[in-house]
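Data block for start.txt (compact mmCIF, C-alpha atoms):
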# COMPACT_ATOMS: atom_id res chain seq x y z
CA MET A 1 -5.10 20.02 -12.48
CA THR A 2 -5.26 19.08 -8.82
CA VAL A 3 -5.12 15.35 -8.04
CA GLU A 4 -7.39 14.32 -5.17
CA TRP A 5 -6.57 11.50 -2.76
CA CYS A 6 -8.71 9.65 -0.24
CA THR A 7 -7.95 6.77 2.14
CA GLN A 8 -11.45 5.63 3.01
CA PHE A 9 -10.28 2.05 2.46
CA LEU A 10 -8.54 2.37 5.85
CA ASP A 11 -11.78 3.10 7.70
CA PRO A 12 -13.42 -0.10 9.02
CA ARG A 13 -16.73 1.77 9.32
CA ALA A 14 -16.77 2.83 5.69
CA SER A 15 -18.88 0.83 3.30
CA LYS A 16 -17.12 -0.85 0.41
CA ASP A 17 -16.79 1.59 -2.46
CA LEU A 18 -17.85 -0.54 -5.41
CA ASP A 19 -17.10 2.29 -7.82
CA ILE A 20 -13.36 1.85 -7.21
CA PRO A 21 -11.93 -1.56 -8.14
CA ARG A 22 -9.19 -2.21 -5.62
CA ALA A 23 -6.54 -4.94 -5.39
CA LEU A 24 -4.80 -6.03 -2.20
CA ILE A 25 -1.30 -7.53 -2.37
CA ILE A 26 -0.05 -9.11 0.85
CA LEU A 27 3.70 -9.14 1.45
CA ASN A 28 5.80 -11.28 3.77
CA GLN A 29 5.74 -8.88 6.71
CA PRO A 30 3.74 -8.84 9.98
CA PHE A 31 0.27 -7.28 10.15
CA SER A 32 -2.71 -7.39 12.48
CA VAL A 33 -5.99 -9.20 11.91
CA SER A 34 -7.89 -5.94 12.31
CA LEU A 35 -5.94 -4.21 9.54
CA LEU A 36 -6.27 -7.26 7.30
CA LYS A 37 -10.05 -7.35 7.76
CA THR A 38 -10.39 -3.67 6.90
CA LEU A 39 -8.26 -3.82 3.76
CA TRP A 40 -9.75 -7.13 2.62
CA ALA A 41 -13.31 -5.82 2.89
CA THR A 42 -12.53 -2.80 0.72
CA SER A 43 -10.73 -4.84 -1.98
CA GLU A 44 -12.19 -7.20 -4.55
CA TRP A 45 -9.01 -8.95 -5.72
CA HIS A 46 -6.54 -10.40 -3.24
CA SER A 47 -3.12 -11.93 -3.80
CA CYS A 48 -0.22 -13.07 -1.67
CA ALA A 49 3.35 -12.43 -2.76
CA ASP A 50 5.10 -15.73 -1.93
CA GLY A 51 5.65 -15.74 1.87
CA GLY A 52 2.79 -13.28 2.28
CA ALA A 53 0.64 -16.44 2.24
CA ASN A 54 2.46 -17.64 5.38
CA ARG A 55 1.58 -14.36 7.09
CA LEU A 56 -2.06 -14.61 6.04
CA TYR A 57 -2.33 -18.22 7.18
CA ASP A 58 -0.60 -17.62 10.51
CA VAL A 59 -2.33 -14.41 11.56
CA LEU A 60 -5.77 -15.93 10.94
CA GLY A 61 -4.78 -19.06 12.85
CA THR A 62 -3.71 -17.06 15.89
CA SER A 63 -6.90 -15.01 15.88
CA GLY A 64 -8.71 -17.62 17.98
CA HIS A 65 -11.01 -18.45 15.06
CA PRO A 66 -9.23 -20.88 12.70
CA ASP A 67 -12.33 -21.03 10.51
CA LEU A 68 -11.51 -17.47 9.46
CA ARG A 69 -8.94 -18.91 7.07
CA ASN A 70 -11.73 -20.18 4.85
CA LEU A 71 -13.22 -16.68 4.71
CA PHE A 72 -9.98 -15.04 3.58
CA LEU A 73 -8.89 -17.07 0.59
CA PRO A 74 -6.67 -15.14 -1.83
CA ASP A 75 -7.27 -15.19 -5.55
CA MET A 76 -3.72 -16.38 -6.00
CA VAL A 77 -0.33 -16.94 -4.40
CA LYS A 78 2.51 -15.98 -6.71
CA GLY A 79 6.28 -15.70 -6.57
CA ASP A 80 9.41 -17.77 -6.81
CA LEU A 81 7.98 -19.63 -3.77
CA ASP A 82 11.28 -19.78 -1.90
CA SER A 83 9.57 -18.51 1.25
CA LEU A 84 6.23 -20.34 1.02
CA ARG A 85 5.97 -23.11 3.62
CA ASP A 86 4.86 -26.56 2.50
CA ASP A 87 1.90 -26.67 4.91
CA VAL A 88 0.65 -23.31 3.66
CA ARG A 89 1.05 -24.32 0.03
CA LEU A 90 -0.88 -27.55 0.61
CA TYR A 91 -3.66 -25.74 2.52
CA TYR A 92 -4.37 -23.17 -0.18
CA ALA A 93 -3.90 -25.61 -3.05
CA SER A 94 -6.44 -27.95 -1.40
CA LEU A 95 -8.97 -25.10 -1.54
CA ASN A 96 -8.28 -24.45 -5.24
CA VAL A 97 -6.28 -21.27 -4.68
CA PRO A 98 -3.82 -21.00 -7.60
CA VAL A 99 -0.23 -21.23 -6.34
CA ILE A 100 1.84 -19.90 -9.23
CA TYR A 101 5.58 -20.41 -9.51
CA ASP A 102 7.46 -17.66 -11.35
CA SER A 103 11.21 -18.20 -11.55
CA ASN A 104 12.08 -14.81 -13.02
CA GLN A 105 14.85 -13.44 -10.79
CA ASP A 106 14.71 -10.02 -12.44
CA SER A 107 11.38 -9.29 -10.74
CA THR A 108 10.47 -9.46 -7.06
CA ASP A 109 7.42 -11.29 -5.72
CA LEU A 110 5.62 -7.97 -5.40
CA MET A 111 6.35 -7.17 -9.03
CA LYS A 112 5.09 -10.61 -10.07
CA CYS A 113 1.75 -9.96 -8.33
CA VAL A 114 1.41 -6.57 -10.00
CA GLN A 115 2.09 -8.23 -13.34
CA ALA A 116 -0.68 -10.76 -12.61
CA LEU A 117 -3.06 -7.89 -11.82
CA GLU A 118 -2.13 -6.16 -15.05
CA GLU A 119 -3.00 -9.33 -16.95
CA LYS A 120 -6.40 -9.33 -15.24
CA GLU A 121 -6.88 -5.68 -16.18
CA ARG A 122 -6.14 -6.41 -19.84
CA VAL A 123 -8.74 -9.17 -19.85
CA THR A 124 -11.46 -7.28 -17.97
CA GLY A 125 -10.79 -3.77 -19.25
CA ARG A 126 -10.90 -2.45 -15.66
CA GLU A 127 -8.19 -0.51 -13.86
CA PHE A 128 -7.57 -1.23 -10.19
CA GLU A 129 -6.15 0.80 -7.37
CA ILE A 130 -3.43 -1.16 -5.60
CA VAL A 131 -3.07 -1.45 -1.83
CA ILE A 132 0.10 -3.19 -0.67
CA LEU A 133 -0.04 -4.66 2.82
CA GLY A 134 3.52 -4.41 4.12
CA GLY A 135 6.64 -3.05 2.48
CA LEU A 136 7.60 -0.31 4.94
CA SER A 137 9.04 -2.38 7.77
CA GLY A 138 11.48 -5.23 8.29
CA ARG A 139 14.55 -5.48 6.08
CA LEU A 140 15.92 -2.17 4.86
CA ASP A 141 16.66 -3.45 1.35
CA GLN A 142 13.05 -4.57 0.95
CA THR A 143 11.80 -1.22 2.22
CA VAL A 144 13.98 0.60 -0.29
CA HIS A 145 12.63 -1.68 -3.01
CA THR A 146 9.08 -0.63 -2.07
CA LEU A 147 10.05 3.04 -2.18
CA SER A 148 11.77 2.57 -5.54
CA TYR A 149 9.05 0.44 -7.11
CA LEU A 150 6.20 2.81 -6.24
CA HIS A 151 8.31 5.70 -7.51
CA LYS A 152 8.49 3.89 -10.87
CA LEU A 153 4.84 2.77 -10.86
CA ARG A 154 3.63 6.36 -10.74
CA LYS A 155 4.43 6.51 -14.48
CA THR A 156 1.97 3.75 -15.37
CA ARG A 157 -0.57 3.58 -12.52
CA LYS A 158 -2.79 6.25 -11.01
CA ARG A 159 -2.97 5.07 -7.41
CA VAL A 160 -0.74 2.69 -5.46
CA PHE A 161 -0.74 2.76 -1.66
CA THR A 162 1.36 0.85 0.85
CA VAL A 163 0.03 0.19 4.34
CA THR A 164 1.37 -1.20 7.60
CA ASP A 165 -0.13 -1.15 11.08
CA ASP A 166 1.82 2.06 11.67
CA ASN A 167 1.72 3.98 8.38
CA VAL A 168 0.15 4.61 5.03
CA GLY A 169 2.25 6.07 2.24
CA TRP A 170 2.27 6.72 -1.49
CA VAL A 171 4.04 8.74 -4.17
CA LEU A 172 2.76 12.16 -5.17
CA ASP A 173 3.85 12.97 -8.72
CA GLU A 174 4.93 16.46 -9.63
CA GLY A 175 2.04 18.91 -9.54
CA GLU A 176 -0.75 19.85 -7.13
CA HIS A 177 -2.51 17.45 -4.77
CA LEU A 178 -5.43 17.57 -2.35
CA ILE A 179 -5.39 14.87 0.32
CA HIS A 180 -8.70 14.35 2.09
CA ILE A 181 -7.80 13.53 5.68
CA ASN A 182 -9.92 11.16 7.75
CA HIS A 183 -8.76 12.26 11.19
CA ASP A 184 -10.52 9.30 12.82
CA VAL A 185 -8.16 6.96 10.97
CA LEU A 186 -4.94 8.94 10.59
CA GLY A 187 -2.83 10.04 13.53
CA GLN A 188 -1.22 13.45 13.76
CA THR A 189 2.26 12.66 12.44
CA CYS A 190 3.09 12.83 8.73
CA GLY A 191 5.99 13.42 6.42
CA LEU A 192 7.11 14.44 2.93
CA LEU A 193 10.14 12.46 1.82
CA PRO A 194 12.27 13.41 -1.23
CA VAL A 195 13.11 9.81 -2.17
CA GLY A 196 14.52 9.09 -5.64
CA ILE A 197 15.07 12.75 -6.59
CA ASP A 198 17.81 15.31 -6.10
CA SER A 199 15.46 17.92 -4.64
CA THR A 200 11.95 19.37 -4.98
CA ILE A 201 10.18 22.64 -4.23
CA LEU A 202 7.24 22.23 -1.84
CA THR A 203 4.28 24.39 -0.89
CA THR A 204 1.71 23.00 1.57
CA THR A 205 -1.39 23.84 3.57
CA GLY A 206 -3.06 21.88 6.36
CA LEU A 207 0.16 21.05 8.22
CA ARG A 208 1.36 22.40 11.53
CA TRP A 209 4.64 23.39 9.87
CA ASN A 210 3.72 24.36 6.33
CA LEU A 211 6.25 24.80 3.57
CA ASP A 212 6.15 27.85 1.30
CA ASN A 213 8.07 27.40 -1.92
CA THR A 214 10.68 25.54 0.14
CA GLU A 215 13.40 23.27 -1.25
CA SER A 216 13.47 19.73 0.18
CA SER A 217 16.28 17.22 -0.33
CA PHE A 218 18.33 14.59 1.49
CA ASP A 219 21.18 17.11 1.60
CA GLY A 220 18.91 19.77 3.07
CA LEU A 221 15.47 20.01 4.65
CA VAL A 222 13.28 16.90 4.95
CA SER A 223 9.80 17.39 6.42
CA THR A 224 9.61 14.48 8.86
CA SER A 225 7.53 14.39 12.06
CA ASN A 226 5.24 17.09 10.73
CA HIS A 227 1.69 17.21 12.11
CA LEU A 228 -1.75 17.22 10.54
CA VAL A 229 -4.03 20.06 11.66
CA PRO A 230 -7.27 18.76 13.19
CA GLY A 231 -10.27 19.25 10.93
CA GLN A 232 -8.24 20.24 7.88
CA ASP A 233 -7.33 18.53 4.63
CA VAL A 234 -3.85 18.84 3.18
CA THR A 235 -2.73 20.44 -0.07
CA ILE A 236 0.72 19.83 -1.52
CA LYS A 237 2.39 21.37 -4.54
CA THR A 238 5.64 19.69 -5.53
CA SER A 239 7.97 20.28 -8.46
CA LYS A 240 9.11 16.63 -8.48
CA PRO A 241 7.71 13.29 -7.26
CA ILE A 242 7.76 12.89 -3.48
CA TRP A 243 6.67 10.34 -0.91
CA TRP A 244 3.79 11.29 1.40
CA CYS A 245 3.26 9.25 4.57
CA ALA A 246 1.01 9.48 7.60
CA GLU A 247 0.70 7.43 10.75
CA LEU A 248 -2.39 5.33 11.48
CA ARG A 249 -4.31 5.46 14.71
CA GLU A 250 -4.62 2.22 16.67
CA HIS A 251 -7.29 0.02 15.13
Show me the file's structure as structure tokens.
Amino acid sequence: MTVEWCTQFLDPRASKDLDIPRALIILNQPFSVSLLKTLWATSEWHSCADGGANRLYDVLGTSGHPDLRNLFLPDMVKGDLDSLRDDVRLYYASLNVPVIYDSNQDSTDLMKCVQALEEKERVTGREFEIVILGGLSGRLDQTVHTLSYLHKLRKTRKRVFTVTDDNVGWVLDEGEHLIHINHDVLGQTCGLLPVGIDSTILTTTGLRWNLDNTESSFDGLVSTSNHLVPGQDVTIKTSKPIWWCAELREH
């Protein structure tokens, strides 16, 4: 069975798809107001992982419209709260945003927010797509954690995306995939990264440099800086899980 993928949630002109419950988790990394507005509008549940609340508070304050903060109130702030500033904590708490302390040092703040979403899913009986804002920039150890965590989440969740102002990426499990490409949103550069595996066998269409039953590994070929073909979608067949990423156009 071919798994189909779509990133309409990245298109600011797209109407909110109410048929797809979507959760946004904001990490403690920089992002633009324009990207925030797009992802927020296409998500119905919003959370900040610890210092992600600082980023949300600050970016809306520097937008020139401080009142925007009241329009972008998360459903919760959760983590061990070692990064959350006092002024940010007081602001959101004063507006009845739950600020939840979780001292478990065996889980990261991102993992704590996913656990909170899973609790919501058990109560409501609904399954959410997850969009993570951040996670692919800044400290290398945190980036590797994002790569590792999404690799593990593929076993229990259908769709988890991570987005920055530069990229969108997610894990493709072993099998066949069809990625619907919105060329107005995605730039030309893309990649297939064999992270967390020894090697995989790849066959693709829709790329400038397609792979035909080709082995990919860190010790061998890695398809970085590949290009999307204008007007075409992308198909990927992989024998093992692999990271797919594509650059975003300026927004």
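Counting all atoms listed in the file, the residue from A:Val163, A:Leu193, A:Ile236, A:Val229 that sits nearest to A:Leu10 is A:Val163.
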Worksheet item: So which residues touch stretch 238-250 of chain A within 6 Å, counting all atoms listed in the file, skipping near sequence neighbours fewer than 6 positions away, as a list of chain:residue names?
Response: A:Asp166, A:Asn167, A:Val168, A:Gly169, A:Trp170, A:Val171, A:Leu172, A:Asp173, A:Glu174, A:Gly175, A:Val185, A:Leu186, A:Gly187, A:Thr189, A:Cys190, A:Gly191, A:Leu192, A:Leu193, A:Pro194, A:Thr200, A:Ile201, A:Leu202
Per-residue nearest contacts stretch 29-94 of chain A to stretch 98-117 of chain A, cut-off 6 Å, using only C-alpha atoms, as CSV:
residue,atom,partner,partner_atom,distance
A:Ala49,CA,A:Asp109,CA,5.2
A:Met76,CA,A:Pro98,CA,4.9
A:Val77,CA,A:Val99,CA,4.7
A:Lys78,CA,A:Ile100,CA,4.7
A:Gly79,CA,A:Asp109,CA,4.6
A:Asp80,CA,A:Asp102,CA,4.9
Item to complete: Determine, counting only C-alpha atoms, which protein, DNA and RNA residues have an atom within 6 Å of an atom of stretch 143-160 of chain A; residues of the same chain fewer than 2 positions away are not included. Present the result as an MDAnalysis selection string.
Response: chainID A and resid 129:131 135:136 140:141
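Using all atoms listed in the file, the smallest distance between any of A:Val3, A:Phe72, A:Gln29, A:Ala53 and A:Arg139 comes from A:Gln29.
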Worksheet item: What is the distance, in Å and to one decimal place, between atom CA of A:Glu44 and atom CA of A:Gln142?
Response: 26.0 Å
Worksheet entry | Polymer residues at most 9 Å from (-9.0, 2.7, 7.3) by all atoms listed in the file, as a list in words | Thr7, Gln8, Phe9, Leu10, Asp11, Pro12, Arg13, Ala14, Leu35, Thr38, Leu39, Asn182, Asp184, Val185, Leu186, Leu248 and His251 of chain A
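Put simply, atom CA of A:Val234 is 5.6 Å away from atom CA of A:Thr205.
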Practice prompt. Check the smallest atom-to-atom distance from each of A:Asp50, A:Asp233, A:Glu176, A:Glu4 to A:Asp82 using all atoms listed in the file, then report the winner.
Written response: A:Asp50
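When atom CA of A:Leu27 is paired with atom CA of A:Arg69, their separation reads 16.9 Å.
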Could you put an axis-aligned box around every listed atom of stretch 106-114 of chain A, padded by 3 Å on each side, and send me its centre and edge lengths in Å to one decimal, as lines of an AutoDock Vina configuration file?
center_x = 8.1
center_y = -8.9
center_z = -8.9
size_x = 19.3
size_y = 10.7
size_z = 13.0
